[in-house]
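What follows is the content of target.cif (mmCIF, C-alpha atoms).
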```
data_final
loop_
_atom_site.label_atom_id
_atom_site.label_comp_id
_atom_site.auth_asym_id
_atom_site.auth_seq_id
_atom_site.Cartn_x
_atom_site.Cartn_y
_atom_site.Cartn_z
CA MET A 599 138.74 36.38 109.29
CA PHE A 600 135.93 38.46 110.81
CA LYS A 601 137.02 41.76 109.26
CA ASP A 602 134.29 41.74 106.62
CA SER A 603 131.75 39.83 108.69
CA CYS A 604 128.58 41.30 110.11
CA PRO A 605 128.19 40.28 113.77
CA SER A 606 125.10 42.45 114.18
CA ALA A 607 123.20 40.27 111.68
CA ALA A 608 124.12 37.13 113.61
CA TYR A 609 123.12 38.79 116.87
CA ASP A 610 119.79 39.90 115.39
CA ARG A 611 119.08 36.32 114.30
CA HIS A 612 119.95 35.12 117.79
CA LEU A 613 117.56 37.62 119.40
CA ARG A 614 114.81 36.75 116.94
CA HIS A 615 115.22 33.05 117.67
CA GLU A 616 114.99 33.72 121.41
CA VAL A 617 111.83 35.79 120.99
CA GLU A 618 110.19 33.16 118.77
CA SER A 619 111.13 30.31 121.12
CA GLN A 620 109.74 32.19 124.11
CA ARG A 621 106.50 32.94 122.23
CA ALA A 622 106.11 29.23 121.45
CA LEU A 623 106.74 28.24 125.06
CA ASP A 624 104.30 30.90 126.29
CA LEU A 625 101.62 29.71 123.87
CA GLN A 626 102.03 26.08 124.85
CA GLU A 627 101.83 26.99 128.54
CA ALA A 628 98.81 29.20 127.85
CA ILE A 629 96.91 26.38 126.17
CA GLU A 630 97.53 24.22 129.20
CA THR A 631 96.71 26.85 131.85
CA PHE A 632 94.29 29.45 130.43
CA GLU A 633 90.63 29.10 131.29
CA VAL A 634 88.86 26.86 128.76
CA GLN A 635 85.24 27.63 127.87
CA LYS A 636 84.69 24.18 126.45
CA THR A 637 86.61 20.94 125.89
CA GLU A 638 85.19 18.61 123.27
CA VAL A 639 86.19 15.04 122.48
CA ILE A 640 85.26 14.25 118.87
CA PRO A 641 85.35 10.74 117.33
CA ALA A 642 88.03 10.89 114.64
CA ARG A 643 85.79 9.67 111.82
CA THR A 644 82.73 11.83 112.45
CA THR A 645 84.07 15.05 110.96
CA GLY A 646 85.32 14.72 107.40
CA LEU A 647 87.24 18.00 107.32
CA LEU A 648 89.15 17.16 110.49
CA HIS A 649 90.05 13.81 108.98
CA SER A 650 91.33 15.66 105.90
CA VAL A 651 93.48 17.90 108.12
CA ASP A 652 94.73 14.81 109.94
CA ASP A 653 95.72 13.14 106.68
CA LYS A 654 97.61 16.17 105.34
CA LEU A 655 99.40 16.85 108.64
CA SER A 656 100.58 13.26 108.91
CA HIS A 657 102.16 13.41 105.45
CA GLN A 658 103.66 16.90 105.77
CA SER A 659 104.86 17.04 109.35
CA GLY A 660 104.50 13.56 110.83
CA ARG A 661 101.78 14.74 113.20
CA PHE A 662 98.17 13.71 113.83
CA ILE A 663 95.32 15.63 115.45
CA SER A 664 93.59 12.35 116.29
CA THR A 665 94.75 9.61 118.63
CA GLY A 666 94.07 6.94 116.00
CA ALA A 667 92.72 6.50 112.50
CA TYR A 668 89.55 4.52 113.27
CA LYS A 669 88.86 4.38 117.00
CA GLY A 670 90.71 7.54 117.95
CA VAL A 671 89.40 10.92 119.00
CA ASN A 672 90.16 14.59 118.42
CA VAL A 673 90.48 16.73 121.55
CA LEU A 674 89.35 20.32 120.92
CA ARG A 675 89.83 23.15 123.43
CA GLN A 676 87.79 26.31 122.99
CA PHE A 677 88.99 29.43 124.81
CA LYS A 678 87.08 32.58 125.66
CA PRO A 679 86.95 35.20 122.85
CA TYR A 680 89.80 37.68 123.06
CA ASP A 681 88.86 40.28 120.43
CA ARG A 682 85.55 41.87 119.43
CA GLN A 683 84.98 44.21 116.47
CA THR A 684 82.27 45.68 114.28
CA SER A 685 82.30 45.86 110.49
CA ASP A 686 80.98 48.55 108.15
CA THR A 687 80.04 45.77 105.73
CA TYR A 688 77.72 44.18 108.30
CA PRO A 689 76.16 47.06 110.30
CA GLY A 690 74.80 46.16 113.70
CA VAL A 691 76.74 42.89 113.88
CA GLU A 692 79.68 42.26 116.19
CA PHE A 693 82.39 39.73 115.38
CA GLU A 694 84.74 38.08 117.84
CA THR A 695 87.92 36.04 117.52
CA THR A 696 88.36 32.83 119.48
CA ALA A 697 91.40 30.58 119.78
CA VAL A 698 90.77 26.85 119.51
CA ALA A 699 93.41 24.17 120.03
CA PHE A 700 93.63 20.54 118.95
CA ASP A 701 95.99 18.12 120.65
CA ILE A 702 98.58 16.76 118.21
CA TYR A 703 100.41 13.44 118.37
CA ASP A 704 103.69 12.21 116.90
CA LYS A 705 103.15 9.82 114.00
CA GLN A 706 106.41 8.03 114.77
CA ASP A 707 105.13 6.96 118.19
CA SER A 708 102.19 5.09 116.68
CA LEU A 709 104.43 3.47 114.07
CA LEU A 710 106.80 2.15 116.73
CA ASP A 711 104.05 0.60 118.81
CA LYS A 712 100.44 0.51 117.61
CA ASN A 713 99.27 -0.76 121.00
CA ARG A 714 100.90 2.03 122.95
CA GLU A 715 98.68 4.85 124.18
CA SER A 716 99.18 8.06 122.19
CA HIS A 717 100.89 10.86 124.06
CA ARG A 718 100.30 14.50 123.17
CA SER A 719 103.35 16.17 121.61
CA GLY A 720 101.89 19.65 121.21
CA TYR A 721 98.94 21.54 119.74
CA MET A 722 97.45 22.87 116.54
CA VAL A 723 95.96 26.29 117.29
CA LEU A 724 93.42 27.97 114.99
CA PHE A 725 92.05 31.49 115.27
CA ARG A 726 88.34 31.53 114.52
CA LEU A 727 86.30 34.58 113.49
CA GLY A 728 82.60 34.32 114.28
CA PHE A 729 79.55 36.25 115.44
CA ALA A 730 79.65 37.53 119.00
CA GLY A 731 78.13 34.95 121.31
CA GLU A 732 77.99 32.28 118.60
CA LYS A 733 78.12 28.67 119.79
CA PHE A 734 80.14 26.21 117.73
CA ASP A 735 81.62 22.73 117.90
CA GLY A 736 83.90 20.47 115.87
CA ASP A 737 81.37 20.28 113.03
CA THR A 738 80.67 24.03 112.80
CA ILE A 739 84.07 25.50 113.60
CA GLY A 740 84.56 26.48 109.95
CA ILE A 741 87.79 24.63 109.12
CA GLY A 742 89.52 26.39 106.21
CA GLU A 743 86.95 29.19 106.17
CA ASN A 744 86.53 31.35 109.27
CA ALA A 745 89.03 29.12 111.11
CA ARG A 746 91.78 29.24 108.52
CA TYR A 747 94.99 30.57 110.10
CA GLY A 748 96.89 29.16 113.04
CA ALA A 749 100.04 27.32 114.04
CA LEU A 750 101.58 24.09 115.24
CA VAL A 751 103.32 24.52 118.58
CA GLU A 752 105.51 21.97 120.37
CA ASP A 753 108.87 21.84 122.13
CA GLY A 754 109.52 25.58 121.94
CA CYS A 755 108.81 25.72 118.21
CA LEU A 756 105.92 27.59 116.60
CA ARG A 757 105.11 27.00 112.92
CA PRO A 758 102.40 29.26 111.40
CA LEU A 759 100.02 27.60 108.96
CA ARG A 760 97.01 28.21 106.74
CA LEU A 761 94.22 25.78 105.88
CA ASP A 762 92.98 25.98 102.27
CA THR A 763 89.86 24.18 101.04
CA THR A 764 89.06 22.70 97.63
CA LYS A 765 85.47 21.89 96.68
CA ILE A 766 84.68 18.30 95.70
CA LYS A 767 82.23 17.97 92.80
CA ARG A 768 81.13 14.49 93.79
CA HIS A 769 80.49 13.80 97.42
CA THR A 770 77.95 11.85 99.42
CA GLU A 771 75.88 12.65 102.47
CA TYR A 772 78.58 11.04 104.60
CA SER A 773 81.68 12.46 102.90
CA PRO A 774 83.00 16.05 103.08
CA SER A 775 82.10 18.55 100.36
CA CYS A 776 85.70 19.76 100.24
CA LEU A 777 89.26 18.72 101.00
CA VAL A 778 91.68 20.65 103.19
CA SER A 779 95.29 21.48 102.38
CA VAL A 780 97.70 22.42 105.16
CA VAL A 781 100.08 25.18 104.03
CA MET A 782 103.06 25.77 106.32
CA LEU A 783 103.90 29.48 106.07
CA ASP A 784 107.43 30.86 105.80
CA ASP A 785 108.44 34.27 107.12
CA ASN A 786 108.10 35.84 103.64
CA ASP A 787 104.37 35.15 103.60
CA PRO A 788 102.23 38.04 104.95
CA GLY A 789 100.17 35.49 106.87
CA TYR A 790 103.23 34.49 108.90
CA SER A 791 103.47 37.77 110.81
CA GLU A 792 99.68 38.00 111.06
CA VAL A 793 99.59 34.65 112.86
CA LEU A 794 102.31 35.80 115.26
CA ASP A 795 100.32 38.98 115.94
CA GLU A 796 97.21 36.90 116.75
CA VAL A 797 99.25 34.71 119.09
CA ASP A 798 100.47 37.81 120.93
CA ARG A 799 96.92 39.21 121.20
CA PHE A 800 95.64 35.91 122.54
CA LEU A 801 98.43 35.74 125.13
CA ASP A 802 97.86 39.35 126.16
CA GLN A 803 94.07 39.22 126.47
CA CYS A 804 93.38 35.72 127.79
CA GLY A 805 96.28 35.25 130.16
CA PRO A 806 96.42 35.20 133.95
CA LYS A 807 96.82 38.99 134.12
CA GLU A 808 93.19 39.46 133.11
CA SER A 809 91.85 37.33 135.95
CA GLU A 810 94.04 38.83 138.66
#
```
Would you mind writing the file's structure down as structure tokens?
Amino acid sequence: MFKDSCPSAAYDRHLRHEVESQRALDLQEAIETFEVQKTEVIPARTTGLLHSVDDKLSHQSGRFISTGAYKGVNVLRQFKPYDRQTSDTYPGVEFETTAVAFDIYDKQDSLLDKNRESHRSGYMVLFRLGFAGEKFDGDTIGIGENARYGALVEDGCLRPLRLDTTKIKRHTEYSPSCLVSVVMLDDNDPGYSEVLDEVDRFLDQCGPKESE
């Protein structure tokens, strides 16, 4: 039965699954234990782009980044920058990469009991490129622009994603100028491995080892 089988391929898949599961667990623990530069609680309806992300996530993965549609909040964690680089295109300017994390909640929980308090099920992590020393918040994070790639992480599972934006021709002062699409990346997409590399850099540079 196993004469023409390839056990090495099955073993490689097993090892890969173990590595990916451990990375997800490490990232989730890191978000909960690494030093946070800033924690921001944002009313769910004040930032149009975040509401757009919320809407797409709820349809695609059954997850929210807000605790409720109207009276809920978004919880945003901002970590210390973990990478700094210069660019030949912009001489004299330094750029740094920062990880930011939103709490995510299970849509099914709110459907079962609308009066029950939302419980965090995991996180949406985004990797933001900005100027060195730049201050930002939920309104200026650059959703879909300089904060475009990241991942959902919960229960030992890490799913890389990309946020794409589409300009809206007609918008008001109080509505967003663009909509956000959430693209879940598969392992054939170049962005998939790039996200995993960023996760590893974040874990390596911002972890407990650095403060010891």
Practice item. Taking the file as shown, find all residues satisfying the PyMOL selection byres ((chain A and resi 692) around 6) and write them as number ranges by chain. Key: A: 683-684, 691, 693, 730
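Near Val780 (chain A), within 9 Å and counting all atoms listed in the file, sit Val651, Lys654, Leu655, Gln658, Leu759, Arg760, Leu761 and Asp762 of chain A; same-chain residues fewer than 4 positions away were not included.
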Study note, to complete from the structure: Correct to one decimal, the distance CA of Ser664 (chain A)-CA of Pro788 (chain A) is 29.4 Å
Practice item. I need the residue set behind the PyMOL selection byres ((chain A and resi 661) around 10) for this file; please write it as JSON, numbers by chain. Key: {"A": [652, 653, 654, 655, 656, 657, 658, 659, 660, 662, 663, 664, 702, 703, 704, 705, 706, 707, 719, 720, 721, 722, 750]}
Study note, to complete from the structure: Separating CA of Asp701 (chain A) from CA of Val639 (chain A), to the nearest tenth of an Å, is a gap of 10.4 Å
Review point. Once the PyMOL selection byres ((chain A and resi 623-626) around 12) has been applied to the shown file, what residues remain in the selection, as a PyMOL selection string?
Key: chain A and resi 616-622+627-632+697+699-702+718-723+748-757+794+796-802+804-806
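CA of Gly736 (chain A) sits 16.6 Å away from CA of Pro679 (chain A).
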